[in-house]
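Colleague: If it helps, the file is called my_file.cif and holds mmCIF, C-alpha atoms:
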data_target
loop_
_atom_site.label_atom_id
_atom_site.label_comp_id
_atom_site.auth_asym_id
_atom_site.auth_seq_id
_atom_site.Cartn_x
_atom_site.Cartn_y
_atom_site.Cartn_z
CA MET A 25 26.24 -48.55 25.73
CA ILE A 26 26.15 -45.02 24.28
CA THR A 27 23.03 -42.96 24.92
CA ASN A 28 22.37 -40.41 22.21
CA SER A 29 20.35 -37.27 22.78
CA ALA A 30 17.67 -36.21 20.29
CA ALA A 31 19.82 -33.26 19.19
CA ASP A 32 22.79 -35.57 18.58
CA ILE A 33 20.72 -37.95 16.42
CA ILE A 34 19.30 -35.04 14.39
CA GLU A 35 22.82 -33.70 13.82
CA ARG A 36 24.01 -37.14 12.63
CA LEU A 37 21.06 -37.44 10.24
CA ILE A 38 21.84 -34.00 8.82
CA GLU A 39 25.48 -35.07 8.28
CA GLY A 40 24.05 -38.09 6.46
CA GLY A 41 22.49 -35.79 3.90
CA LEU A 42 18.99 -35.11 5.27
CA GLU A 43 17.41 -31.72 5.75
CA GLU A 44 16.90 -30.78 9.40
CA LYS A 45 13.11 -30.82 8.92
CA TYR A 46 13.24 -34.41 7.65
CA ALA A 47 15.50 -35.44 10.53
CA ARG A 48 13.06 -34.02 13.10
CA ILE A 49 10.15 -35.87 11.47
CA ILE A 50 12.04 -39.19 11.52
CA LEU A 51 12.88 -38.75 15.19
CA ALA A 52 9.28 -37.73 16.03
CA LEU A 53 7.94 -40.94 14.42
CA CYS A 54 10.27 -43.28 16.32
CA GLY A 55 8.28 -45.53 18.67
CA GLN A 56 4.99 -43.82 17.80
CA PRO A 57 1.83 -45.43 16.37
CA PRO A 58 0.75 -44.35 12.86
CA MET A 59 -0.17 -40.63 12.82
CA LYS A 60 -1.81 -38.19 10.42
CA ALA A 61 0.26 -35.53 8.66
CA SER A 62 -1.42 -32.78 10.71
CA GLU A 63 -0.44 -34.51 13.97
CA ILE A 64 3.15 -34.92 12.84
CA GLY A 65 3.24 -31.27 11.75
CA LYS A 66 2.24 -30.17 15.24
CA LEU A 67 4.99 -32.33 16.78
CA VAL A 68 7.72 -30.68 14.70
CA SER A 69 6.11 -27.20 14.44
CA ILE A 70 5.47 -27.06 10.70
CA SER A 71 2.26 -26.57 8.74
CA ARG A 72 0.04 -29.48 7.78
CA MET A 73 0.79 -29.02 4.08
CA ASP A 74 4.52 -28.81 4.73
CA ALA A 75 4.32 -31.96 6.86
CA TYR A 76 2.40 -33.82 4.15
CA ASN A 77 4.87 -32.85 1.40
CA SER A 78 7.84 -33.75 3.61
CA LEU A 79 6.35 -37.15 4.53
CA LYS A 80 5.66 -37.85 0.86
CA LYS A 81 9.32 -37.15 0.05
CA LEU A 82 10.54 -39.33 2.94
CA LYS A 83 8.24 -42.14 1.76
CA GLU A 84 9.82 -41.95 -1.72
CA MET A 85 13.21 -42.23 -0.03
CA GLY A 86 12.03 -45.31 1.88
CA LEU A 87 12.49 -43.65 5.27
CA VAL A 88 8.84 -43.66 6.38
CA MET A 89 5.88 -45.93 5.63
CA ALA A 90 2.26 -44.98 4.92
CA THR A 91 -0.96 -46.83 5.69
CA LEU A 92 -3.95 -47.13 3.35
CA ASP A 93 -6.22 -45.35 5.83
CA LYS A 94 -8.22 -42.28 4.87
CA PRO A 95 -6.81 -39.92 5.88
CA MET A 96 -3.42 -41.51 5.30
CA ARG A 97 -1.30 -42.23 8.37
CA PHE A 98 2.47 -42.45 8.58
CA THR A 99 4.83 -44.55 10.67
CA GLY A 100 8.60 -44.48 10.91
CA LEU A 101 11.58 -46.81 10.90
CA THR A 102 14.00 -47.25 13.75
CA VAL A 103 16.91 -44.82 13.69
CA GLU A 104 19.26 -47.70 12.85
CA ASP A 105 17.16 -48.70 9.84
CA VAL A 106 17.09 -45.08 8.66
CA PHE A 107 20.89 -44.98 8.60
CA ARG A 108 20.98 -48.35 6.76
CA GLN A 109 18.66 -46.91 4.10
CA LEU A 110 20.82 -43.80 3.75
CA ILE A 111 23.91 -45.96 3.32
CA LYS A 112 22.23 -48.05 0.62
CA LYS A 113 21.19 -44.90 -1.19
CA GLU A 114 24.71 -43.47 -1.09
CA GLU A 115 26.19 -46.77 -2.28
CA ALA A 116 23.77 -46.81 -5.21
CA ASN A 117 24.74 -43.22 -6.08
CA VAL A 118 28.45 -44.12 -5.99
CA ARG A 119 27.88 -47.14 -8.27
CA ARG A 120 25.92 -44.96 -10.72
CA LEU A 121 28.65 -42.30 -10.80
CA GLN A 122 31.35 -44.97 -11.32
CA GLN A 123 29.38 -46.40 -14.23
CA HIS A 124 29.15 -42.99 -15.90
CA LEU A 125 32.87 -42.42 -15.43
CA ASP A 126 33.76 -45.83 -16.91
CA GLU A 127 31.54 -45.25 -19.97
CA MET A 128 32.97 -41.81 -20.65
CA SER A 129 36.55 -43.04 -20.23
CA SER A 130 36.10 -46.05 -22.54
CA HIS A 131 34.49 -44.04 -25.33
CA SER A 132 36.78 -41.00 -25.06
CA VAL A 133 33.88 -38.57 -25.05
CA ILE A 134 34.72 -35.26 -26.73
CA ILE A 135 32.44 -32.26 -26.35
CA ASN A 136 32.54 -30.50 -29.71
CA GLU A 137 29.68 -28.06 -29.30
CA SER A 138 29.03 -25.63 -26.49
CA VAL A 139 25.47 -24.82 -25.59
CA ASN A 140 24.70 -21.28 -24.44
CA TYR A 141 21.30 -20.68 -22.92
CA ALA A 142 22.10 -17.24 -21.52
CA ASN A 143 20.26 -15.26 -24.18
CA GLU A 144 17.12 -17.36 -24.27
CA PRO A 145 14.15 -15.45 -22.82
CA LEU A 146 12.42 -17.14 -19.91
CA PHE A 147 8.89 -16.35 -18.76
CA SER A 148 7.25 -17.78 -15.65
CA VAL A 149 3.84 -17.11 -14.11
CA ILE A 150 3.63 -16.50 -10.35
CA LYS A 151 0.32 -16.69 -8.51
CA ASP A 152 -0.71 -15.30 -5.11
CA ARG A 153 0.56 -12.02 -3.64
CA HIS A 154 2.65 -13.78 -0.97
CA SER A 155 4.55 -15.79 -3.59
CA ILE A 156 4.97 -12.75 -5.84
CA TYR A 157 6.52 -10.58 -3.14
CA ALA A 158 8.65 -13.44 -1.82
CA THR A 159 10.14 -13.72 -5.32
CA ILE A 160 10.65 -9.95 -5.47
CA GLU A 161 12.38 -10.09 -2.10
CA ASN A 162 14.79 -12.75 -3.41
CA LEU A 163 15.56 -10.69 -6.52
CA VAL A 164 16.26 -7.57 -4.46
CA GLN A 165 18.55 -9.59 -2.19
CA GLU A 166 20.56 -10.68 -5.23
CA SER A 167 20.65 -7.24 -6.88
CA GLU A 168 24.05 -5.76 -7.69
CA HIS A 169 23.59 -2.39 -9.37
CA ARG A 170 20.08 -0.95 -9.68
CA VAL A 171 16.48 -1.74 -8.79
CA TRP A 172 13.55 0.09 -10.41
CA MET A 173 10.12 -0.12 -8.82
CA MET A 174 6.87 1.00 -10.44
CA LEU A 175 3.97 1.26 -7.99
CA SER A 176 0.31 1.92 -8.72
CA ARG A 177 -1.94 3.84 -6.32
CA TRP A 178 -2.03 1.12 -3.64
CA GLY A 179 1.22 -0.66 -4.54
CA ILE A 180 3.13 0.83 -1.60
CA LEU A 181 0.68 -0.85 0.82
CA HIS A 182 1.40 -4.28 -0.63
CA MET A 183 5.13 -3.65 -0.54
CA MET A 184 5.17 -2.41 3.06
CA ARG A 185 3.25 -5.49 4.23
CA SER A 186 5.82 -7.85 2.70
CA GLY A 187 9.30 -8.64 3.93
CA ILE A 188 10.86 -6.73 1.05
CA ILE A 189 11.71 -3.64 3.14
CA ASP A 190 14.55 -5.41 4.97
CA SER A 191 15.96 -6.63 1.66
CA ILE A 192 15.81 -3.09 0.29
CA LYS A 193 17.83 -1.74 3.21
CA GLU A 194 20.45 -4.47 2.79
CA SER A 195 20.73 -3.65 -0.91
CA LEU A 196 21.14 0.06 -0.18
CA ASP A 197 23.90 -0.77 2.29
CA ARG A 198 25.68 -2.70 -0.49
CA GLY A 199 25.54 0.38 -2.71
CA VAL A 200 22.63 -0.69 -4.91
CA GLU A 201 20.69 2.24 -6.42
CA LEU A 202 16.92 2.10 -5.85
CA LYS A 203 14.32 4.21 -7.64
CA ILE A 204 10.54 4.26 -7.20
CA LEU A 205 8.12 5.72 -9.74
CA ALA A 206 4.66 5.78 -8.18
CA ASP A 207 1.18 7.24 -8.25
CA ILE A 208 1.34 8.82 -4.78
CA ASP A 209 -2.01 9.26 -3.07
CA PRO A 210 -2.76 11.49 -0.05
CA LYS A 211 -3.76 8.34 1.85
CA THR A 212 -0.45 6.56 1.17
CA ILE A 213 2.08 9.38 1.22
CA ARG A 214 3.08 8.66 4.83
CA PHE A 215 4.37 5.22 3.77
CA TYR A 216 6.75 6.84 1.29
CA GLU A 217 7.95 9.16 4.07
CA GLU A 218 8.90 6.04 6.08
CA LEU A 219 11.17 4.70 3.32
CA ASP A 220 14.94 5.02 3.49
CA SER A 221 16.05 8.49 2.39
CA ARG A 222 18.56 6.92 0.00
CA ILE A 223 15.70 5.76 -2.24
CA GLU A 224 14.90 8.23 -5.03
CA ILE A 225 11.13 8.66 -5.42
CA ARG A 226 9.11 10.40 -8.11
CA HIS A 227 5.36 10.86 -8.49
CA LEU A 228 3.65 10.15 -11.81
CA GLU A 229 -0.07 10.81 -11.84
CA ASN A 230 -2.26 7.91 -13.01
CA GLN A 231 0.73 5.57 -13.06
CA SER A 232 -1.06 2.20 -13.01
CA GLN A 233 1.70 -0.22 -13.93
CA MET A 234 3.19 -2.46 -11.22
CA GLY A 235 6.66 -3.84 -11.80
CA PHE A 236 10.07 -4.52 -10.26
CA TYR A 237 13.16 -4.55 -12.48
CA VAL A 238 16.61 -5.66 -11.28
CA ASP A 239 20.04 -5.05 -12.82
CA GLU A 240 18.81 -4.93 -16.43
CA ASP A 241 18.53 -8.72 -16.22
CA VAL A 242 15.24 -9.75 -14.69
CA GLY A 243 11.86 -8.20 -14.03
CA ILE A 244 8.54 -9.00 -12.41
CA GLN A 245 5.49 -7.51 -14.09
CA ILE A 246 2.31 -7.72 -12.02
CA VAL A 247 -0.50 -8.34 -14.49
CA HIS A 248 -3.40 -8.63 -12.04
CA SER A 249 -3.78 -7.24 -8.52
CA ASP A 250 -6.75 -7.27 -6.15
CA SER A 251 -8.61 -3.95 -6.52
CA ASN A 252 -9.25 -3.93 -2.77
CA PRO A 253 -6.13 -2.33 -1.20
CA THR A 254 -6.62 -4.35 2.00
CA GLY A 255 -7.38 -7.63 0.20
CA ARG A 256 -5.24 -10.74 0.61
CA GLY A 257 -4.33 -10.98 -3.07
CA LYS A 258 -4.98 -14.69 -3.53
CA ASP A 259 -5.73 -14.11 -7.23
CA ASP A 260 -2.83 -11.74 -7.85
CA THR A 261 -0.76 -12.78 -10.86
CA ALA A 262 2.69 -11.73 -12.03
CA LEU A 263 5.03 -12.57 -14.88
CA LEU A 264 8.69 -13.29 -14.09
CA ILE A 265 10.73 -12.19 -17.11
CA GLU A 266 14.37 -13.05 -17.84
CA SER A 267 15.00 -11.47 -21.21
CA GLN A 268 17.69 -8.94 -22.07
CA ASP A 269 15.74 -7.56 -25.06
CA TYR A 270 12.61 -7.05 -22.97
CA MET A 271 14.52 -5.45 -20.12
CA LEU A 272 16.35 -3.02 -22.41
CA ALA A 273 13.04 -1.91 -23.93
CA GLN A 274 11.34 -1.69 -20.53
CA LEU A 275 14.14 0.39 -19.02
CA GLU A 276 14.06 2.84 -21.93
CA LEU A 277 10.34 3.32 -21.29
CA LEU A 278 11.03 3.69 -17.56
CA LYS A 279 13.53 6.47 -18.19
CA VAL A 280 11.01 8.41 -20.27
CA GLN A 281 8.34 8.04 -17.58
CA TRP A 282 10.87 8.93 -14.87
CA ASN A 283 11.73 12.19 -16.62
CA GLY A 284 8.02 13.02 -16.71
CA GLY A 285 7.59 12.43 -12.98
CA VAL A 286 7.64 14.94 -10.13
CA ASP A 287 10.25 14.84 -7.38
CA PHE A 288 8.84 13.45 -4.13
CA THR A 289 9.48 16.64 -2.16
CA ALA A 290 7.58 18.74 -4.69
CA ALA A 291 4.81 16.15 -4.97
CA LYS A 292 4.44 16.01 -1.20
CA ALA A 293 4.15 19.80 -1.03
CA ARG A 294 1.49 19.82 -3.72
CA ILE A 295 -0.50 16.90 -2.36
CA VAL A 296 -0.28 17.48 1.38
CA ASP A 297 1.02 20.86 2.41
CA GLY A 298 -0.87 22.89 -0.19
CA LEU A 299 2.28 24.87 -0.98
CA ILE A 300 2.08 24.02 -4.67
CA THR A 301 -1.63 23.77 -5.42
CA GLU A 302 -3.34 22.83 -8.64
CA PRO A 303 -4.47 25.91 -10.58
CA LEU A 304 -7.92 27.17 -9.55
CA LYS A 305 -10.45 28.71 -11.84
CA LEU A 306 -9.96 31.89 -9.81
CA SER A 307 -6.56 33.20 -8.82
CA LEU A 308 -6.71 33.16 -5.03
CA GLY A 309 -3.04 33.29 -4.09
CA ASP A 310 -0.46 30.65 -3.25
CA GLY A 311 0.18 28.79 -0.04
CA SER A 312 -2.02 27.01 2.43
CA PHE A 313 -5.39 28.71 3.03
CA TYR A 314 -5.96 26.59 6.08
CA LYS A 315 -2.72 27.68 7.75
CA ARG A 316 -3.47 31.32 7.07
CA LEU A 317 -6.99 30.80 8.37
CA ARG A 318 -5.66 29.41 11.66
CA GLY A 319 -3.40 32.44 11.97
CA LEU A 320 -6.30 34.80 11.41
CA ILE A 321 -8.43 32.99 13.98
CA SER A 322 -5.70 33.11 16.62
CA ASN A 323 -5.52 36.92 16.26
CA ASN A 324 -9.23 37.64 15.89
CA THR A 325 -12.02 37.73 18.44
CA GLY A 326 -14.87 37.46 15.95
CA PRO A 327 -17.28 34.57 16.32
CA GLY A 328 -16.79 32.88 12.96
CA PHE A 329 -14.03 32.20 10.45
CA THR A 330 -15.77 33.96 7.56
CA ASN A 331 -16.07 37.05 9.74
CA ALA A 332 -12.41 36.65 10.68
CA ILE A 333 -11.43 36.87 7.02
CA LEU A 334 -13.83 39.54 5.86
CA ARG A 335 -14.32 41.84 8.83
CA ARG A 336 -12.09 44.11 10.86
CA PRO A 337 -13.28 45.64 14.19
CA GLY A 338 -15.55 48.61 13.55
CA GLU A 339 -15.42 48.07 9.80
CA PRO A 340 -18.46 47.44 7.59
CA LEU A 341 -18.53 44.00 5.96
CA THR A 342 -17.40 45.11 2.49
CA LEU A 343 -13.78 44.05 1.78
CA GLY A 344 -13.36 47.75 0.89
CA ILE A 345 -15.98 47.42 -1.85
CA SER A 346 -19.61 46.54 -1.28
CA ALA A 347 -20.88 43.17 -2.45
CA ALA A 348 -23.42 44.99 -4.61
CA SER A 349 -20.64 46.95 -6.32
CA LEU A 350 -18.68 43.74 -6.91
CA GLY A 351 -21.82 42.22 -8.42
CA GLN A 352 -22.11 45.14 -10.82
CA LEU A 353 -18.53 44.47 -11.88
CA GLY A 354 -19.48 40.86 -12.66
CA VAL A 355 -17.73 39.40 -9.59
CA ASP A 356 -19.90 36.83 -7.80
CA MET A 357 -18.77 36.67 -4.19
CA SER A 358 -20.68 33.40 -3.78
CA ASP A 359 -18.46 31.63 -6.34
CA ILE A 360 -15.28 33.10 -4.88
CA LEU A 361 -16.14 32.11 -1.32
CA ARG A 362 -17.28 28.62 -2.36
CA THR A 363 -13.92 28.08 -4.11
CA VAL A 364 -12.03 29.34 -1.05
CA GLY A 365 -14.14 27.02 1.11
CA GLN A 366 -13.40 24.01 -1.10
CA ARG A 367 -9.69 24.59 -0.75
CA ILE A 368 -9.97 24.95 3.04
CA GLY A 369 -12.08 21.77 3.18
CA GLN A 370 -9.47 19.81 1.25
CA GLU A 371 -6.75 20.96 3.63
CA LEU A 372 -8.90 20.11 6.66
CA ALA A 373 -9.33 16.56 5.33
CA LEU A 374 -5.63 16.25 4.48
CA GLU A 375 -4.67 17.27 8.02
CA LEU A 376 -6.62 14.21 9.22
CA ARG A 377 -5.46 11.92 6.40
CA ASP A 378 -3.80 9.45 8.80
CA GLU A 379 -7.13 8.72 10.52
CA THR A 380 -8.32 5.54 8.81
CA ASP A 381 -11.46 5.08 10.91
CA ASP A 382 -14.30 7.11 9.36
CA LYS A 383 -16.15 7.65 12.64
CA GLU A 384 -13.05 8.97 14.35
CA PHE A 385 -12.27 11.15 11.32
CA TRP A 386 -15.64 12.91 11.58
CA ASN A 387 -15.35 13.21 15.38
CA LYS A 388 -12.02 15.02 14.98
CA LEU A 389 -13.40 17.10 12.14
CA THR A 390 -16.30 18.18 14.38
CA LYS A 391 -13.79 19.52 16.89
CA GLN A 392 -11.81 21.30 14.16
CA TRP A 393 -15.02 22.90 12.88
CA SER A 394 -15.82 24.19 16.36
CA ASP A 395 -12.25 25.41 16.98
CA LEU A 396 -12.48 27.52 13.81
CA GLY A 397 -15.56 29.30 15.15
CA MET A 398 -17.80 27.68 12.56
CA GLY A 399 -20.37 26.45 15.09
CA GLU A 400 -21.36 22.99 16.27
CA ILE A 401 -21.66 20.53 13.41
CA SER A 402 -23.67 17.30 13.34
CA PHE A 403 -24.51 14.86 10.56
CA ASP A 404 -27.03 12.14 9.81
CA SER A 405 -24.66 9.43 8.57
CA ILE A 406 -21.05 8.69 7.61
CA PRO A 407 -20.39 9.99 5.03
CA PRO A 408 -23.17 12.54 5.56
CA ASN A 409 -26.22 13.24 3.45
CA VAL A 410 -27.40 16.06 5.70
CA VAL A 411 -25.17 18.35 7.79
CA THR A 412 -26.56 20.63 10.50
CA VAL A 413 -24.65 23.58 11.98
CA ASN A 414 -25.83 25.15 15.24
CA ASP A 415 -24.53 28.35 16.85
CA SER A 416 -23.00 29.55 13.60
CA LYS A 417 -22.63 33.34 13.77
CA ASN A 418 -21.44 33.77 10.20
CA CYS A 419 -24.84 34.69 8.85
CA GLU A 420 -26.88 36.24 11.61
CA ARG A 421 -24.68 39.30 12.27
CA ASP A 422 -25.35 40.67 8.81
CA PRO A 423 -28.34 38.99 7.13
CA ALA A 424 -27.94 41.06 3.96
CA PHE A 425 -24.50 39.59 3.33
CA GLY A 426 -24.70 36.47 5.50
CA SER A 427 -26.20 34.13 2.89
CA VAL A 428 -23.24 34.89 0.61
CA LEU A 429 -20.81 33.96 3.38
CA CYS A 430 -22.59 30.65 3.89
CA HIS A 431 -21.42 29.55 0.45
CA MET A 432 -17.98 29.24 1.99
CA ASP A 433 -19.36 26.64 4.43
CA GLU A 434 -20.87 24.80 1.45
CA GLY A 435 -17.45 24.83 -0.23
CA VAL A 436 -15.74 23.53 2.91
CA LEU A 437 -18.11 20.53 3.03
CA GLU A 438 -17.57 19.85 -0.67
CA GLY A 439 -13.78 20.01 -0.26
CA ILE A 440 -13.86 17.60 2.69
CA LEU A 441 -15.98 15.01 0.86
CA ASN A 442 -13.94 15.29 -2.31
CA GLU A 443 -10.62 14.85 -0.54
CA ARG A 444 -11.73 12.11 1.83
CA TYR A 445 -13.88 10.01 -0.50
CA GLY A 446 -13.28 11.32 -4.01
CA PHE A 447 -16.94 12.38 -4.21
CA ASP A 448 -17.97 14.95 -6.78
CA ALA A 449 -20.23 16.55 -4.16
CA THR A 450 -22.39 19.65 -4.04
CA ALA A 451 -23.51 21.07 -0.70
CA SER A 452 -26.69 23.19 -0.76
CA GLU A 453 -27.94 25.17 2.22
CA SER A 454 -31.68 24.64 2.69
CA MET A 455 -31.96 26.42 6.05
CA CYS A 456 -29.99 29.52 7.07
CA THR A 457 -29.89 31.80 10.10
CA SER A 458 -29.91 34.79 7.76
CA ARG A 459 -33.45 33.74 6.80
CA GLY A 460 -34.67 33.53 10.39
CA GLN A 461 -33.75 29.90 11.15
CA ASP A 462 -32.03 28.93 14.39
CA HIS A 463 -29.50 26.72 12.58
CA CYS A 464 -27.98 26.11 9.16
CA LEU A 465 -28.79 22.87 7.32
CA PHE A 466 -26.85 21.62 4.32
CA GLU A 467 -27.98 18.84 2.01
CA ILE A 468 -25.31 16.89 0.14
CA ALA A 469 -25.71 15.77 -3.49
CA ILE A 470 -23.21 13.31 -4.97
CA ASN A 471 -22.65 13.11 -8.75
CA GLY A 472 -25.67 15.35 -9.22
CA ILE A 473 -28.04 12.98 -7.37
CA LYS A 474 -29.22 14.03 -3.91
CA PRO A 475 -29.25 11.04 -1.54
CA HIS A 476 -32.54 10.03 -0.05
CA THR A 477 -33.16 11.42 3.45
CA ASP A 478 -36.02 10.83 5.82
#
Represent the structure from my file as structure tokens, please.
Modeller:
Amino acid sequence: MITNSAADIIERLIEGGLEEKYARIILALCGQPPMKASEIGKLVSISRMDAYNSLKKLKEMGLVMATLDKPMRFTGLTVEDVFRQLIKKEEANVRRLQQHLDEMSSHSVIINESVNYANEPLFSVIKDRHSIYATIENLVQESEHRVWMMLSRWGILHMMRSGIIDSIKESLDRGVELKILADIDPKTIRFYEELDSRIEIRHLENQSQMGFYVDEDVGIQIVHSDSNPTGRGKDDTALLIESQDYMLAQLELLKVQWNGGVDFTAAKARIVDGLITEPLKLSLGDGSFYKRLRGLISNNTGPGFTNAILRRPGEPLTLGISAASLGQLGVDMSDILRTVGQRIGQELALELRDETDDKEFWNKLTKQWSDLGMGEISFDSIPPNVVTVNDSKNCERDPAFGSVLCHMDEGVLEGILNERYGFDATASESMCTSRGQDHCLFEIAINGIKPHTD
């Protein structure tokens, strides 16, 4: 008598034409009472839905039986009976093939017309983000020459959370060219930095289209995506397109958009490092204000950053020309300093762009504010409606000019809120040490409407 191990029986069933999953289910059912699909799934380590679909297929093949219970229960055959069923199925297939051969031989079948389906466009709808990116992953794995990717503002997040990254690396190793045209956001730029350096990336502002195009043959156009960047994408929808005419037209459009994009290195400098800044209403010089500010602070013993910029030891607070004289020339120092402050605030927020937790962001910002000699900052909520600054020396050392300097603090707050949240915010100082108060208090208005405060 030969004793077969479970592994040996599974291997024999696989040789008989069954998938390994089906073989494991058949073996798990042997000698067992009727069981639910969920119970069988646990026995063979597959999901309940996978178990149910597999059992349904095995039932159609006559290899398992189902009861009429609700929920339905399944029971198996003996291993010997399973092999007998497989033999009968193979014998039936052989008889069917022999019949086809005999009919074709007796009638001397001649094929006089070839059918070519290659140029027929095919369109398929794919639902659910997981299914969409699984399909994209398969296409990238099969790519031979070039893959184009168009990513909207949050598209890189969806891509990084899928298994497509490994497929991309394998394609690059095979010599496939990969290009990404994306709307790069300060909050997502670090994900692009993590990509393989062999991928060519360009930034196109307000690029909202999402698509993946492979070898001028096939493309996936995402037609609906969850607006929540952290959502699960159950309602995401994409169109799988296999059409040479469509792909040729799409790639021509891609090339035009690509030429209008900005190289990733330049885009990164403009977005993050402040080395290529958007034009300001006032010409304030190039480069990072925040970096220069830190340098000034490290070499200055004054109590506040506005003093560090505007004052030298033993020098009157004039920038070489009095504020009154500048006013007579039509130069409003308040506007200039507010604009400088906004730029510094944006850079402060960008430096902490990787901090996703709002509470931790403001905790770190509080420390940065103090380190810059701007006093001790506190706020009523996150994001704040009211900001209080204690121990700020920017105003009290020269009350006549101090209130002008405080506009820089207002600008810093506006820049932080704009960069972090996209708020069109206005900060207004309602209390100031230059007017005899012991602290500065700023009220924040968003979109022209001041939030309610107690």
Colleague: Hey, can you check how far CA of Asp359 in chain A sits from CA of Gln392 in chain A?
Modeller: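 Result for CA of Asp359 in chain A versus CA of Gln392 in chain A: 23.9 Å, one decimal.
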Colleague: Would you pick out the contacts of range 74-83 of chain A at 9 Å or less, using all atoms listed in the file, so that residues sharing its chain but fewer than 2 positions from it are not included, and give the list as a compact mmCIF listing (two decimals) with C-alpha atoms, in the coordinates of the input?
Modeller:
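Wrote out-v2.txt, looks like this:
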# COMPACT_ATOMS: atom_id res chain seq x y z
CA LYS A 45 13.11 -30.82 8.92
CA TYR A 46 13.24 -34.41 7.65
CA ILE A 49 10.15 -35.87 11.47
CA ILE A 50 12.04 -39.19 11.52
CA LYS A 60 -1.81 -38.19 10.42
CA ALA A 61 0.26 -35.53 8.66
CA SER A 62 -1.42 -32.78 10.71
CA GLU A 63 -0.44 -34.51 13.97
CA ILE A 64 3.15 -34.92 12.84
CA GLY A 65 3.24 -31.27 11.75
CA LYS A 66 2.24 -30.17 15.24
CA VAL A 68 7.72 -30.68 14.70
CA ILE A 70 5.47 -27.06 10.70
CA SER A 71 2.26 -26.57 8.74
CA ARG A 72 0.04 -29.48 7.78
CA MET A 85 13.21 -42.23 -0.03
CA GLY A 86 12.03 -45.31 1.88
CA LEU A 87 12.49 -43.65 5.27
CA VAL A 88 8.84 -43.66 6.38
CA MET A 89 5.88 -45.93 5.63
CA ALA A 90 2.26 -44.98 4.92
CA PHE A 98 2.47 -42.45 8.58
Colleague: To one decimal place, how far is CA of Ala273 in chain A from CA of Glu224 in chain A in Å?
Modeller: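 That distance, rounded to one decimal, is 21.5 Å.
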Colleague: At a cut-off of 8 Å, using all atoms listed in the file, what residues contact Leu437 in chain A? Leave out same-chain residues fewer than 4 positions from it and give the result as a count of residues only.
Modeller: 6
Colleague: Just give me the residues with any atom within 10 Å of (6.9, -6.4, -12.5), file coordinates, counting all atoms listed in the file, written as number ranges by chain.
Modeller: A: 156, 160, 172-175, 233-238, 242-247, 262-265
Colleague: For the structure shown, which residues end up in the PyMOL selection byres ((chain A and resi 439) around 12)? Put them as a ChimeraX atom specification, please?
Modeller: /A:362-374,432-438,440-451,468
Colleague: One decimal, in Å: what's the spacing between CA of Leu163 in chain A and CA of Gln268 in chain A?
Modeller: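 Pair CA of Leu163 in chain A / CA of Gln268 in chain A returns 15.8 Å.
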Colleague: For the structure shown, which residues end up in the PyMOL selection byres ((chain A and resi 408) around 10)? Put them as a PyMOL selection string, please?
Modeller: chain A and resi 386+402-407+409-411+437+441+466-469+475
Colleague: For the PyMOL selection byres ((chain A and resi 206) around 8), applied here, can you spell out every residue it catches as a PyMOL selection string?
Modeller: chain A and resi 174-177+204-205+207-208+225-229+231
Colleague: Within 9 Å of (2.4, 16.2, -8.5), in the coordinates the file gives, what residues turn up when you count all atoms listed in the file, written out as a VMD selection string?
Modeller: chain A and resid 208 226 to 229 285 to 288 290 to 295 300 302
Colleague: Residues as selected, C-alpha atoms, written as a PDB file, in the coordinates of the input, can you do that?
Modeller:
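As written to disk, result_14.pdb reads:
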ATOM      1  CA  ILE A 208       1.340   8.820  -4.780  1.00  0.00           C
ATOM      2  CA  ARG A 226       9.110  10.400  -8.110  1.00  0.00           C
ATOM      3  CA  HIS A 227       5.360  10.860  -8.490  1.00  0.00           C
ATOM      4  CA  LEU A 228       3.650  10.150 -11.810  1.00  0.00           C
ATOM      5  CA  GLU A 229      -0.070  10.810 -11.840  1.00  0.00           C
ATOM      6  CA  GLY A 285       7.590  12.430 -12.980  1.00  0.00           C
ATOM      7  CA  VAL A 286       7.640  14.940 -10.130  1.00  0.00           C
ATOM      8  CA  ASP A 287      10.250  14.840  -7.380  1.00  0.00           C
ATOM      9  CA  PHE A 288       8.840  13.450  -4.130  1.00  0.00           C
ATOM     10  CA  ALA A 290       7.580  18.740  -4.690  1.00  0.00           C
ATOM     11  CA  ALA A 291       4.810  16.150  -4.970  1.00  0.00           C
ATOM     12  CA  LYS A 292       4.440  16.010  -1.200  1.00  0.00           C
ATOM     13  CA  ALA A 293       4.150  19.800  -1.030  1.00  0.00           C
ATOM     14  CA  ARG A 294       1.490  19.820  -3.720  1.00  0.00           C
ATOM     15  CA  ILE A 295      -0.500  16.900  -2.360  1.00  0.00           C
ATOM     16  CA  ILE A 300       2.080  24.020  -4.670  1.00  0.00           C
ATOM     17  CA  GLU A 302      -3.340  22.830  -8.640  1.00  0.00           C
TER      18      GLU A 302
END
Colleague: Taking 2 positions as the minimum chain separation for residues in the same chain, which residues sit within 9 Å of range 164-171 of chain A when counting only C-alpha atoms? Answer as a PyMOL selection string.
Modeller: chain A and resi 159-162+173+188+191-192+194-195+198-204+236-240
Colleague: Using all atoms listed in the file, which of A:Ala158, A:Leu389, A:Ala52, A:Leu219 sits nearest Leu376 in chain A?
Modeller: A:Leu389
Colleague: Find the residues near Thr261 in chain A: any atom within 6 Å, counting all atoms listed in the file, skip ones fewer than 2 places away on the same chain, and give them as a list of chain:residue names.
Modeller: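 With the cut-off at 6 Å, the set is A:Ile150, A:Lys151, A:Val247, A:His248.
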Colleague: Residues at most 9 Å from Asp250 in chain A, counting only C-alpha atoms, excluding those fewer than 6 positions away in the same chain, as a list in words?
Modeller: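 The residues that qualify are Arg256, Gly257, Lys258, Asp259 and Asp260 of chain A.
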